[in-house]
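Here the structure is laid out as C-alpha cells; the discussion comes afterwards.
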Amino acid sequence: MTSTSTTLPRPAGFSLDLRLQQPLLIVLAAAAPLVALAFGASWVRVLDFALLYVLLAIGLNLVVGFAGLLDLGYIAFYAVGAYTWAFLASPHFGIHLPFWIVLPLGAAFAALAGIMLGFPTLRLRGDYLAIVTLGFGEIIRIFMNNLNQPINITNGPQGIDMIDPLTIAGIDLSRNLDLFGMQVPSLVLYYYAFLGAVVLALVLVRRLQISRIGRAWAAIREDELAAKAIGIDTRMMKLLAFALGATFGGVSGGLFAAFQGFVSPESFSLMESIVVLTMIVLGGMGNLAGVVFGAIVLTALPELLRHFAVPLQVALFGKTLLDPEVLRMLLLSLAMILMMLWRPAGLLPARTRYAHREGRKA
Amino acid sequence: MITLLESRTVNKRFGGLQALTDVSLKIHRGEVYGLIGPNGAGKTTFFNVLTGAYPIDGGEFVMNGAELPAGKPHRIVAHGIARTFQNIRLFRDLTALENVMAGHHIRTSAGVWGILAQSRAAREEERLVTERALEILDYVGIGRHADTVARNLSYGDQRRLEIARALATEPQLLALDEPAAGMNATETAGLRALIETIRADGVTVLLIEHDVKLIMGLCDRVAVLDFGKKIAEGTPAEVQRDPGVIRAYLGDHRAH
C-alpha cells in the first residue's frame, strides 16, 4: 500500500487518505476477479474462498474481538450452515429449497448452536472458555462424521455431494452467464454474490459495533465486573454475541456448501478454527478493516506459496526442499512471532474511537 | 426523613470468616452517609454485597420499600444503585465518552433489530445518549477529555470518569468506595466539591473513606464498622467522641 496526500504523519503506516480510501476499495473489490481471471480461473476460486473466510472472520471477530470471548470452535457454526444447506438443497433427502429459505435457516440453526455453546460457558473466561469451545467444535464435527447410523443423516465421512448451487433470481451461479454475448464465468458470478454478502455483513456488524450493544460487549471485554456494576446483563450480552457471531458462520457455511457442491466433516477440523482466529489476530482484532485484510492475506498466502515456492526452490537448489504446505505453516508461525514482537495488536490495530459515530459517517 | 436504603441484619461469611454480622442501617434520601472503620472492617464487603457482586448470606437490602434482588448486579443497578471501585475499574481502552455512554446501557432500550435496521428510534436514542454523556463529562469536570482513552487520563480524572460512568446509570444512590484514595489535597478538595454538587442535585451518596477530614466535612451521618459489626452510628462529631470507635481505631490493651 502506498501513502498519498496525507499531511500529518500517522502512527499506523497503512492508512490512506480517507477521501481516497473508499472509492479505491470499491474499484479494487469490483475489479479483483477480472484481474485474477487474467492469471487463470483458479485465482478467482481463491478470491471466492477468501470472501467466505472474510465472512467467517467478521463473525468470529464479533465474538473474540468485540466481546472478548475466546472461541476455538467457531468452525462448528460454519459446519452447521453448510450441512443445513446440504440437507435442504440436495438429492440426499430429495429436498430442494431455494436459497432465501435455506440460508436464513442455516443462519438460525447456527445461532441456536451458538446459544447452546454459550449457555454452559457463561461463567468461563479466557483459557477455560477456549478449551470448552474447542471441545464443542470437535463434538459437532464428530457428530457429522458419525451420524450415518443407525439412520443415515449426514452420510458420515463420505459427506454429501451434488448439492444445489446458489440460484439467485433464476440465475444459476454454477453455470457461466451469457451477458449480452459476453461469457461471465461461474466463479466470477459467485465472487460478486459473496462480495454482496460480505458488504452486507460489514454494514450490519459496524452498526452493532457502534451501538449500545457494541459498547456493552466492549465493556464486558474490558472489565466484566465493572460491566455488571453499571447494569449490563452480561449473560444476555454474551449469549447475543455467541448467537450473532454464529449467524455469520452459518451463512458462510451455507454459501460454502453451494459453492463447493460437496460437504464432508473434514472441512470443519480444528485447524480451520485456528486459521480463522489467526486471520483476526494477524489483521487486528476488533478492527473490521484489519479482519478483512487478515482473512484475504491468509487465504492468498498458501496459494501463492503453492505457485511460487516449488519453482523457486527448484530454480535455486535444483530440487524441492520444503513442501509448500510445510512452508506455509513455517511462514505462518514466523509471521505470528514477528507480529507479537512488533505489532502485537495486529497489522491494522483496532482504533479506540469506535464505539460511537464520529463526525464523518461510518 | 425518608429512608432510601435500609440494610436489615445483613450477614456475609467467607468460609470460617464472618465478614459482616447483622449489619443494619438506614440511609436517608438526600444525605451523604459515610461508612468508616479500620482496614478489614468489612466496608468494601458491605458494598459488594449491596451491589450484588457477592451473594448475601443473611438479611436483606430494601430500596424504596422494595427488597433488592441479591446477587444480581445488573438488576440492582436498575433499582437505582450505582457504585465505583476502590481500585479504579474503567473500560481502559475505551474513550472517556464511550465509558460514560456504556453507563447509559441500562437506561436505553435499542434492540438488535432496531440497531441493524438503524430505525429512527435507535438513531434518536444514540444521539441523545451521546449528548447526555457529554453533559455528564462536563458535569464532573472532564468534558475536554471526552475523546481521551481512559487509561491515558490522569489519576484524578480517572476517578472522576468512574463517577461519571456511575452517574450515567441515573442512580438514586451513588456508592463511592474510597474515592479520595491516592489523591493530593487539591484533588480531594475538587472531589469534595463534586460530591456536594451531586448531593445538591438530589442523589444520595454512600461513601467509604479513610480521609477523616473529608468524612467529617462532607457526611451528614456516619456508621462505623469493626470486625464486620456496626459499632457506632451518628453525626461525625458524635462518632468521633464514641469510646468504642476510639478503641477500634487506636486499640485498647486492657480489653485483651
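Here, A, B, ... name the chains of the C-alpha cells in the order displayed, residue numbers run from 1 inside each chain, and ligands are numbered from 1 in the same displayed order.
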
### Task
Fewer than 6 positions away in the same chain doesn't count, so skip those; otherwise give me all residues within 9 Å of Leu69 (chain A), counting only C-alpha atoms, as a list of chain:residue names.
A:Val63, A:Arg125, A:Gly126, A:Leu129, A:Ala130, A:Arg221, A:Lys238, A:Ala241, A:Phe242

### Task
Write down, as a list in words, each residue of chain B that has any atom within 7 Å of an atom of chain A, counting only C-alpha atoms.
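Contact residues on the first chain: Pro73, His74, Arg75, Val77, Ala78, Ala82, Arg83, Arg89, Phe91, Arg92, Asp93, Leu94, Thr95, Glu98, Ala102, Gly103, His105, Ile106, Ile115, Leu116, Ala166 and Thr169 of chain B.
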
### Task
Tell me which protein, DNA and RNA residues are within 12 Å of Leu202 (chain A), counting only C-alpha atoms, leaving out same-chain ones fewer than 2 positions away, and put them as a list in words.
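In the requested form, the answer reads Leu51, Val54, Leu55, Leu56, Ala57, Ile58, Gly59, Asn61, Leu62, Leu195, Gly196, Ala197, Val198, Val199, Leu200, Leu204, Val205, Arg206, Arg207, Leu208, Gln209, Phe248, Asn287, Leu288, Ala289, Val291, Val292 and Ala362 of chain A; Leu116 of chain B.
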
### Neighbour list for region 177-194 of chain A as a PyMOL selection string, cut-off 8 Å, only C-alpha atoms, skip fewer than 3 positions in-chain
chain A and resi 30+33-34+41+44-45+47-48+51-52+171+173-174+197-198+255+259

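Between CA of Met340 (chain A) and CA of Ile280 (chain A) the separation is 13.3 Å.
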
### Task
Name the closest residue to Ala133 (chain B) among the candidates B:Thr21, B:Val224, B:Met1, B:His104; distances are taken between atoms, counting only C-alpha atoms.
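Closest residue, counting only C-alpha atoms: B:His104.
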
### Message
Which residues are close to Gln158 (chain A), i.e. within 12 Å by only C-alpha atoms, leaving aside same-chain residues fewer than 2 positions away? Reply as a count of residues only.
### Response
18

Quick one: which region 170-201 of chain B residues come within 12 Å of region 49-58 of chain B, and what is the nearest atom pair for each with the distance in Å to one decimal, counting only C-alpha atoms, rows ordered by chain and ascending number, as a Markdown table?
| residue | atom | partner | partner_atom | distance |
| --- | --- | --- | --- | --- |
| B:Leu173 | CA | B:Thr51 | CA | 10.9 |
| B:Leu174 | CA | B:Thr51 | CA | 10.7 |
| B:Ala175 | CA | B:Thr51 | CA | 8.9 |
| B:Leu176 | CA | B:Thr51 | CA | 11.5 |
| B:Asp177 | CA | B:Thr51 | CA | 11.8 |

Selection above as a file: C-alpha atoms, as a short mmCIF file (atom, residue, chain, number, x, y, z; two decimals), in the first residue's frame:
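Result went into again35.cif, see below:
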data_model
loop_
_atom_site.label_atom_id
_atom_site.label_comp_id
_atom_site.auth_asym_id
_atom_site.auth_seq_id
_atom_site.Cartn_x
_atom_site.Cartn_y
_atom_site.Cartn_z
CA LEU B 173 -27.88 6.15 45.48
CA LEU B 174 -24.27 6.62 44.45
CA ALA B 175 -21.90 4.36 46.35
CA LEU B 176 -18.29 5.56 46.29
CA ASP B 177 -15.55 3.24 47.52
#

### Task
Name the residues in contact with Gln240 (chain B) at a cut-off of 12 Å, using only C-alpha atoms, excluding same-chain residues fewer than 5 positions from it; report them as a list of chain:residue names.
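In the requested format, the answer is B:Ile36, B:Gly37, B:Val212, B:Lys213, B:Ile215, B:Met216, B:Arg221, B:Val222, B:Ala223, B:Val224, B:Ala232, B:Glu233, B:Gly234, B:Thr235, B:Val245, B:Ile246, B:Arg247, B:Ala248, B:Tyr249.
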
Write out the residues from the selection above, keeping C-alpha atoms, as a tab-separated table (two decimals), in the first residue's frame.
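File produced: out_1.tsv:
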chain	number	residue	atom	x	y	z
B	36	ILE	CA	-15.80	4.07	58.06
B	37	GLY	CA	-13.76	1.60	60.03
B	212	VAL	CA	-11.06	11.71	58.14
B	213	LYS	CA	-11.21	15.37	57.13
B	215	ILE	CA	-15.66	12.37	56.10
B	216	MET	CA	-16.05	14.96	58.82
B	221	ARG	CA	-24.16	10.75	59.23
B	222	VAL	CA	-21.55	8.09	59.67
B	223	ALA	CA	-21.59	4.41	60.58
B	224	VAL	CA	-18.51	2.70	61.95
B	232	ALA	CA	-21.47	3.22	66.18
B	233	GLU	CA	-23.70	5.46	64.11
B	234	GLY	CA	-24.44	9.19	64.23
B	235	THR	CA	-23.18	12.55	63.12
B	245	VAL	CA	-14.79	3.92	67.95
B	246	ILE	CA	-11.65	5.26	69.59
B	247	ARG	CA	-10.93	1.78	70.87
B	248	ALA	CA	-11.44	0.24	67.44
B	249	TYR	CA	-9.05	2.66	65.80

### Task
Have a look at A:Ala50, A:Ile26, A:Leu117, A:Val132 and name the one nearest to Val297 (chain A); count only C-alpha atoms.
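Result for the nearest residue to Val297 (chain A): A:Ala50.
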
### Message
According to DSSP computed on the backbone, where in region 55-233 of chain B is there alpha helix (DSSP H)? Give the residues as a ChimeraX atom specification.
### Response
/B:73-78,96-103,112-116,120-140,155-167,185-200,212-218
